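Participant: Data file protein.cif (mmCIF, C-alpha atoms) is appended below.
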```cif
data_input
#
loop_
_atom_site.label_atom_id
_atom_site.label_comp_id
_atom_site.auth_asym_id
_atom_site.auth_seq_id
_atom_site.Cartn_x
_atom_site.Cartn_y
_atom_site.Cartn_z
CA VAL A 1 80.71 70.67 107.19
CA SER A 2 82.17 68.44 109.90
CA LEU A 3 84.66 65.71 109.01
CA GLU A 4 85.48 62.76 111.24
CA HIS A 5 88.00 60.01 110.58
CA ALA A 6 87.50 56.36 111.47
CA VAL A 7 88.84 54.81 114.67
CA GLY A 8 92.49 53.89 114.40
CA GLY A 9 93.98 57.23 113.47
CA ILE A 10 95.34 58.56 110.20
CA ARG A 11 98.28 56.73 108.71
CA GLY A 12 101.17 58.75 107.36
CA GLY A 13 102.27 62.28 108.13
CA ALA A 14 99.46 64.15 106.41
CA ALA A 15 95.72 64.12 105.78
CA TYR A 16 94.12 65.36 102.57
CA VAL A 17 90.77 67.07 102.14
CA GLN A 18 89.43 67.44 98.60
CA SER A 19 86.35 69.27 97.37
CA ALA A 20 84.81 69.57 93.89
CA LEU A 21 82.66 72.48 92.74
CA LEU A 22 80.51 72.16 89.61
CA TYR A 23 79.66 75.55 88.12
CA THR A 24 78.72 77.29 84.88
CA THR A 25 80.82 80.08 83.39
CA PRO A 26 79.24 83.28 81.99
CA ALA A 27 79.84 81.77 78.54
CA GLY A 28 77.66 78.78 79.39
CA ARG A 29 80.45 76.23 79.85
CA ARG A 30 80.17 73.63 82.60
CA ARG A 31 83.34 73.23 84.65
CA VAL A 32 84.54 71.44 87.75
CA ARG A 33 86.94 73.15 90.13
CA VAL A 34 88.81 70.74 92.39
CA THR A 35 90.56 72.02 95.52
CA THR A 36 92.93 69.83 97.54
CA LEU A 37 94.16 70.77 101.01
CA ARG A 38 97.05 68.98 102.70
CA LEU A 39 97.05 69.02 106.50
CA PRO A 40 100.00 67.73 108.54
CA THR A 41 99.17 65.27 111.31
CA THR A 42 100.83 64.57 114.64
CA THR A 43 100.46 62.32 117.65
CA VAL A 44 101.72 65.00 120.07
CA PRO A 45 98.87 67.10 121.57
CA ALA A 46 101.24 70.00 122.24
CA ASP A 47 101.89 70.35 118.51
CA VAL A 48 98.16 70.64 117.84
CA PHE A 49 97.77 73.50 120.32
CA ARG A 50 100.98 75.19 119.16
CA SER A 51 99.93 75.24 115.51
CA ALA A 52 96.34 76.38 116.16
CA ASP A 53 95.31 79.61 114.41
CA LEU A 54 93.39 81.98 116.67
CA GLY A 55 91.32 83.50 113.86
CA THR A 56 90.22 80.11 112.57
CA VAL A 57 89.35 78.88 116.07
CA CYS A 58 87.30 82.03 116.70
CA ALA A 59 85.44 81.63 113.41
CA VAL A 60 84.56 77.98 114.12
CA LEU A 61 83.56 78.81 117.69
CA THR A 62 81.33 81.66 116.51
CA ARG A 63 79.56 79.46 113.97
CA THR A 64 79.05 76.51 116.30
CA SER A 65 77.79 78.73 119.11
CA ILE A 66 75.21 80.29 116.79
CA GLY A 67 74.37 76.80 115.54
CA ALA A 68 73.38 75.87 119.10
CA LEU A 69 70.35 78.12 118.61
CA ASP A 70 69.00 75.68 116.01
CA ALA A 71 69.10 72.70 118.37
CA GLU A 72 65.93 71.52 120.07
CA GLY A 73 65.24 73.87 122.93
CA GLY A 74 68.03 76.16 121.75
CA SER A 75 68.37 79.58 123.33
CA LEU A 76 70.85 82.40 123.71
CA GLY A 77 71.80 81.03 127.10
CA LEU A 78 72.66 77.63 125.64
CA ALA A 79 74.67 79.31 122.88
CA ARG A 80 76.68 81.26 125.47
CA ASP A 81 77.20 78.10 127.50
CA HIS A 82 78.43 76.29 124.38
CA ALA A 83 81.18 78.87 123.88
CA SER A 84 82.21 78.57 127.53
CA ASP A 85 82.17 74.76 127.42
CA VAL A 86 84.44 74.68 124.36
CA LEU A 87 86.88 77.03 126.08
CA ALA A 88 86.85 74.94 129.27
CA THR A 89 87.49 71.77 127.26
CA ALA A 90 90.44 73.39 125.48
CA LEU A 91 91.91 74.60 128.76
CA ALA A 92 91.51 71.20 130.39
CA GLY A 93 92.97 69.41 127.36
CA TYR A 94 96.04 71.63 127.29
CA ARG A 95 96.62 71.27 131.04
CA THR A 96 96.33 67.48 131.11
CA ASN A 97 97.98 66.54 127.80
CA THR A 98 100.95 68.89 127.43
CA PRO A 99 104.17 69.25 129.46
CA ALA A 100 103.60 72.99 129.87
CA GLY A 101 100.17 72.36 131.35
CA THR A 102 101.06 69.55 133.73
CA GLY A 103 104.02 71.48 135.11
CA SER A 104 102.05 74.63 135.97
CA SER A 105 100.32 75.49 139.22
CA ARG A 106 96.69 74.46 139.62
CA GLY A 107 95.33 78.01 139.85
CA GLN A 108 97.22 79.32 136.81
CA LEU A 109 95.48 79.90 133.47
CA VAL A 110 97.69 78.12 130.93
CA LEU A 111 97.35 78.30 127.16
CA PRO A 112 99.83 78.33 124.27
CA ASP A 113 100.90 81.70 122.89
CA SER A 114 98.70 81.23 119.81
CA LEU A 115 95.53 80.92 121.94
CA LYS A 116 96.23 83.24 124.88
CA LEU A 117 93.49 85.62 123.72
CA LEU A 118 90.87 82.89 123.36
CA PRO A 119 89.35 83.42 126.86
CA LEU A 120 89.00 87.14 126.11
CA PHE A 121 87.32 86.34 122.79
CA VAL A 122 84.82 83.98 124.44
CA LEU A 123 83.96 86.58 127.08
CA SER A 124 83.45 89.21 124.36
CA LEU A 125 81.36 86.81 122.27
CA ARG A 126 79.09 86.08 125.24
CA LYS A 127 78.53 89.81 125.79
CA GLY A 128 78.40 90.90 122.15
CA ARG A 129 75.45 91.70 119.92
CA MET A 130 75.16 88.13 118.65
CA LEU A 131 74.72 86.22 121.92
CA GLY A 132 74.68 88.84 124.67
CA ALA A 133 71.61 89.42 126.82
CA ALA A 134 69.54 92.42 125.73
CA ALA A 135 69.96 95.44 127.96
CA SER A 136 67.16 97.87 128.63
CA ALA A 137 67.72 101.22 126.93
CA GLY A 138 64.80 103.10 128.46
CA ARG A 139 62.35 104.55 125.98
CA GLY A 140 64.53 103.50 123.10
CA GLY A 141 63.76 99.82 123.70
CA PRO A 142 66.14 96.91 124.21
CA SER A 143 69.70 96.94 122.94
CA PRO A 144 70.34 95.21 120.65
CA THR A 145 66.94 95.11 119.04
CA ALA A 146 65.56 91.90 117.53
CA ASP A 147 66.40 93.12 114.02
CA GLU A 148 69.95 94.04 114.99
CA ARG A 149 70.52 90.67 116.62
CA ALA A 150 69.08 88.83 113.61
CA TYR A 151 71.37 90.81 111.29
CA HIS A 152 74.49 89.94 113.31
CA LEU A 153 73.47 86.30 113.73
CA PHE A 154 72.96 85.97 109.98
CA HIS A 155 76.45 87.25 109.22
CA GLY A 156 77.91 85.40 112.21
CA ARG A 157 76.87 82.09 110.65
CA LEU A 158 79.12 82.94 107.70
CA ALA A 159 81.90 84.60 109.70
CA GLY A 160 85.46 84.05 108.59
CA PRO A 161 88.55 84.61 110.74
CA ASP A 162 88.73 88.34 110.01
CA ARG A 163 85.09 89.07 110.83
CA ALA A 164 84.98 86.77 113.85
CA VAL A 165 87.96 88.46 115.49
CA GLY A 166 87.11 91.96 114.27
CA SER A 167 83.56 91.81 115.63
CA VAL A 168 84.88 91.62 119.21
CA HIS A 169 88.22 93.43 118.68
CA PRO A 170 87.59 96.15 116.07
CA SER A 171 90.24 98.10 114.20
CA LEU A 172 90.82 101.72 115.24
CA PHE A 173 92.53 104.14 112.83
CA ARG A 174 93.50 107.72 113.58
CA VAL A 175 92.59 109.90 110.58
CA SER A 176 93.29 113.38 111.98
CA ASP A 177 97.08 113.26 111.47
CA MET A 178 97.60 110.75 108.71
CA ARG A 179 100.90 110.37 106.90
CA ASP A 180 101.45 111.76 103.41
CA ARG A 181 100.55 108.51 101.64
CA ASP A 182 97.76 107.38 103.97
CA GLY A 183 94.38 107.18 102.26
CA LEU A 184 95.89 107.13 98.76
CA TRP A 185 95.49 104.33 96.23
CA LEU A 186 98.95 102.90 95.61
CA ALA A 187 99.83 100.43 92.89
CA PRO A 188 102.35 97.71 93.80
CA PRO A 189 105.58 97.78 91.80
CA GLU A 190 105.74 95.77 88.61
CA LEU A 191 107.46 92.40 88.59
CA GLY A 192 111.22 92.64 88.24
CA PRO A 193 113.24 91.03 85.45
CA ARG A 194 114.15 88.07 87.68
CA ALA A 195 110.49 87.07 87.91
CA GLY A 196 110.42 86.30 84.19
CA PRO A 197 107.85 87.39 81.63
CA ARG A 198 104.27 87.92 82.70
CA PRO A 199 101.81 85.27 81.46
CA ALA A 200 99.41 86.14 78.69
CA GLY A 201 95.83 87.04 79.51
CA GLY A 202 94.57 83.47 79.31
CA ALA A 203 97.64 81.73 80.76
CA PRO A 204 97.46 80.05 84.17
CA GLY A 205 98.35 82.45 86.95
CA SER A 206 97.72 85.58 84.90
CA ARG A 207 94.61 86.55 86.87
CA ALA A 208 96.43 86.08 90.19
CA ILE A 209 99.29 88.31 89.03
CA GLU A 210 96.90 90.98 87.78
CA ALA A 211 95.00 90.89 91.07
CA SER A 212 98.22 91.29 93.04
CA LEU A 213 99.07 94.43 91.06
CA ARG A 214 95.78 96.22 91.64
CA PRO A 215 95.97 99.48 93.60
CA VAL A 216 95.45 99.23 97.35
CA CYS A 217 94.70 101.92 99.90
CA GLN A 218 97.42 102.58 102.45
CA LEU A 219 95.72 102.59 105.85
CA PRO A 220 96.54 105.06 108.62
CA ARG A 221 98.26 104.06 111.83
CA SER A 222 96.17 101.76 114.01
CA SER A 223 95.62 102.00 117.76
CA ASN A 224 94.22 99.70 120.40
CA PRO A 225 90.39 99.98 120.49
CA SER A 226 90.32 101.31 124.04
CA VAL A 227 89.01 104.53 125.51
CA VAL A 228 92.46 105.25 126.94
CA CYS A 229 93.80 105.46 123.37
CA LEU A 230 91.29 108.13 122.31
CA ASP A 231 92.50 111.73 122.30
CA ASP A 232 90.05 114.62 122.54
CA GLY A 233 92.08 116.34 119.87
CA GLY A 234 91.94 113.48 117.37
CA MET A 235 89.58 111.85 114.88
CA TYR A 236 89.26 108.08 114.54
CA VAL A 237 87.57 105.49 112.34
CA LEU A 238 86.36 102.36 114.17
CA ASP A 239 85.71 99.26 112.03
CA ASP A 240 84.04 96.25 113.66
CA ARG A 241 83.49 94.40 110.31
CA PHE A 242 79.76 95.14 110.50
CA ALA A 243 79.78 98.94 110.51
CA GLN A 244 82.23 101.82 110.55
CA TYR A 245 82.05 104.71 112.99
CA LEU A 246 83.72 108.12 112.91
CA TYR A 247 84.73 109.54 116.28
CA VAL A 248 85.48 113.28 116.49
CA GLY A 249 87.11 114.47 119.71
CA ARG A 250 85.69 117.42 121.56
CA GLY A 251 88.85 119.41 121.05
CA VAL A 252 88.89 119.12 117.24
CA PRO A 253 88.22 122.54 115.65
CA GLU A 254 85.41 122.70 113.15
CA ALA A 255 87.78 123.82 110.42
CA THR A 256 89.93 120.75 110.99
CA TRP A 257 87.23 118.09 110.76
CA ARG A 258 85.65 119.85 107.78
CA GLU A 259 89.01 119.79 106.02
CA VAL A 260 89.59 116.12 106.85
CA LEU A 261 86.15 115.12 105.63
CA ASP A 262 86.62 117.19 102.49
CA ALA A 263 83.32 118.91 103.22
CA SER A 264 81.62 121.33 100.85
CA ASP A 265 81.69 125.06 101.46
CA GLU A 266 78.75 127.40 101.02
CA SER A 267 79.31 127.71 97.26
CA GLY A 268 79.25 123.92 96.83
CA ALA A 269 82.89 123.73 95.72
CA ARG A 270 84.86 120.77 97.02
CA ARG A 271 87.81 121.64 99.20
CA GLY A 272 91.17 120.06 98.56
CA GLY A 273 91.61 118.71 95.07
CA GLY A 274 94.19 116.74 93.18
CA GLU A 275 95.19 113.28 94.29
CA ARG A 276 94.41 114.14 97.93
CA GLU A 277 90.73 114.88 97.24
CA GLY A 278 88.52 112.49 99.19
CA TRP A 279 91.55 110.78 100.74
CA VAL A 280 89.87 110.00 104.07
CA HIS A 281 86.92 108.39 102.25
CA ASN A 282 89.23 105.76 100.75
CA VAL A 283 89.99 104.26 104.19
CA PRO A 284 86.51 102.74 104.84
CA ARG A 285 86.44 101.22 101.36
#
```
Show me, as structure tokens, the structure contained in the file I just sent.
Facilitator:
Amino acid sequence: VSLEHAVGGIRGGAAYVQSALLYTTPAGRRRVRVTTLRLPTTTVPADVFRSADLGTVCAVLTRTSIGALDAEGGSLGLARDHASDVLATALAGYRTNTPAGTGSSRGQLVLPDSLKLLPLFVLSLRKGRMLGAAASAGRGGPSPTADERAYHLFHGRLAGPDRAVGSVHPSLFRVSDMRDRDGLWLAPPELGPRAGPRPAGGAPGSRAIEASLRPVCQLPRSSNPSVVCLDDGGMYVLDDRFAQYLYVGRGVPEATWREVLDASDESGARRGGGEREGWVHNVPR
């Protein structure tokens, strides 16, 4: 959904966006859920760039670039060009409308701290599995295949900030030397006495409090998703928000990776046991 205000600007220091959702509960009751979002406004372009959220910008850019495929005569090339054009417009707008941009040298790439990684994201988006040109893989056919591209384009149309950024900058976790509590389901501490009594089951806010107290898995230490950060003696889980991959270094002994994966022995008995059983399997969940 694209919103556009009338000519003349928005009066006041904030703009409000309100949506109403009509739905039916499992009990058959018809209800309306109204959501109101308050957005601060400004007449200073530098404030707009400074307050921009990289994840949100990447999500919108991913969706609009894929949307260029639906236009008349749309193609992957036009979608890639759309991403580059949006980036060029942002760079030109920051250079011509902000003090930091006008005071910099002409050959310098200038962007606010919140958007410094935007050029890297656009380059990765252009070369990724959604919009990148298919490369020949010999007898195995093109890469990505038509089905793989269709799968990623489908989810890219619905991409949120986490998936948009994670698809080009995946998370890398080392699982071969995790800490004692890594991979375990941990319950947050109960509310203290200063927080007051907990609401009853049907009271407003009770579901939010219960959700905040659900157990969560403590993730292992993360590393930069680069080949220079991979150790031949380590094991890693790579999560790109579409799939998860397990990397086992060449120097990892068989006994080690079997123990980490909690593999079965010849008799079928599970190794490990207790609260640590299956601990590495909790991380991808």
Participant: Write out as a list in words each polymer residue whose atoms come within 7 Å of Gly101 (chain A), counting all atoms listed in the file; drop sequence neighbours fewer than 6 positions from it.
Facilitator: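 Residues meeting the cut-off are Tyr94, Arg95 and Val110 of chain A.
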Participant: Report, in Å with one decimal, the straight-line distance from CA of Phe242 (chain A) to CA of Ala88 (chain A).
Facilitator: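 Computing it gives 28.5 Å between the two atoms.
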Participant: Decode the PyMOL selection byres ((chain A and resi 226) around 12) for the given file into explicit residues and return them as number ranges by chain.
Facilitator: A: 169-173, 222-225, 227-231, 236, 238
Participant: Per residue of region 116-170 of chain A within 6 Å of region 46-64 of chain A, record the nearest atom pair and its distance in Å to one decimal, counting only C-alpha atoms, with rows in chain order and ascending residue number, as a tab-separated table.
Facilitator:
```
residue	atom	partner	partner_atom	distance
A:Arg157	CA	A:Arg63	CA	5.0
A:Ala159	CA	A:Ala59	CA	5.9
A:Gly160	CA	A:Ala59	CA	5.4
A:Pro161	CA	A:Gly55	CA	4.3
A:Ala164	CA	A:Ala59	CA	5.2
```
Participant: Return as a list in words the set of residues that the PyMOL selection byres ((chain A and resi 76) around 9) yields on the displayed structure.
Facilitator: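 Matching residues under the PyMOL selection byres ((chain A and resi 76) around 9) are Ile66, Ala68, Leu69, Gly74, Ser75, Gly77, Leu78, Ala79, Arg80, Asp81, Met130, Leu131, Gly132 and Ala133 of chain A.
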Participant: Provide the CA of Asp113 (chain A) to CA of Asp239 (chain A) distance in Å, to one decimal place.
Facilitator: 25.6 Å
Participant: How many Å separate CA of Val175 (chain A) from CA of Leu117 (chain A)?
Facilitator: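 Those two atoms sit 27.6 Å apart.
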Participant: Output the residue selection produced by the PyMOL selection byres ((chain A and resi 233) around 9) on the file above, formatted as a PDB file with C-alpha atoms, keeping the file's coordinate frame.
Facilitator:
```
ATOM      1  CA  SER A 176      93.290 113.380 111.980  1.00  0.00           C
ATOM      2  CA  LEU A 230      91.290 108.130 122.310  1.00  0.00           C
ATOM      3  CA  ASP A 231      92.500 111.730 122.300  1.00  0.00           C
ATOM      4  CA  ASP A 232      90.050 114.620 122.540  1.00  0.00           C
ATOM      5  CA  GLY A 234      91.940 113.480 117.370  1.00  0.00           C
ATOM      6  CA  MET A 235      89.580 111.850 114.880  1.00  0.00           C
ATOM      7  CA  VAL A 248      85.480 113.280 116.490  1.00  0.00           C
ATOM      8  CA  GLY A 249      87.110 114.470 119.710  1.00  0.00           C
ATOM      9  CA  ARG A 250      85.690 117.420 121.560  1.00  0.00           C
ATOM     10  CA  GLY A 251      88.850 119.410 121.050  1.00  0.00           C
ATOM     11  CA  VAL A 252      88.890 119.120 117.240  1.00  0.00           C
ATOM     12  CA  PRO A 253      88.220 122.540 115.650  1.00  0.00           C
TER      13      PRO A 253
END
```
Participant: Taking (78.3, 74.5, 91.4) in the coordinates of the supplied file, I want to know which residues reach to within 9 Å of it, counting all atoms listed in the file; could you give the answer as a PyMOL selection string?
Facilitator: chain A and resi 20-24+31-33
Participant: Check the smallest atom-to-atom distance from each of A:Gln218, A:Thr145, A:Thr98, A:Ser167 to Leu184 (chain A) using only C-alpha atoms, then report the winner.
Facilitator: A:Gln218
Participant: Place a sphere of radius 10 Å on (87.2, 89.0, 123.2) in the file coordinates and name every protein, DNA or RNA residue with an atom inside or on its surface, counting all atoms listed in the file; give the answer as a PyMOL selection string.
Facilitator: chain A and resi 58+117-128+164-169
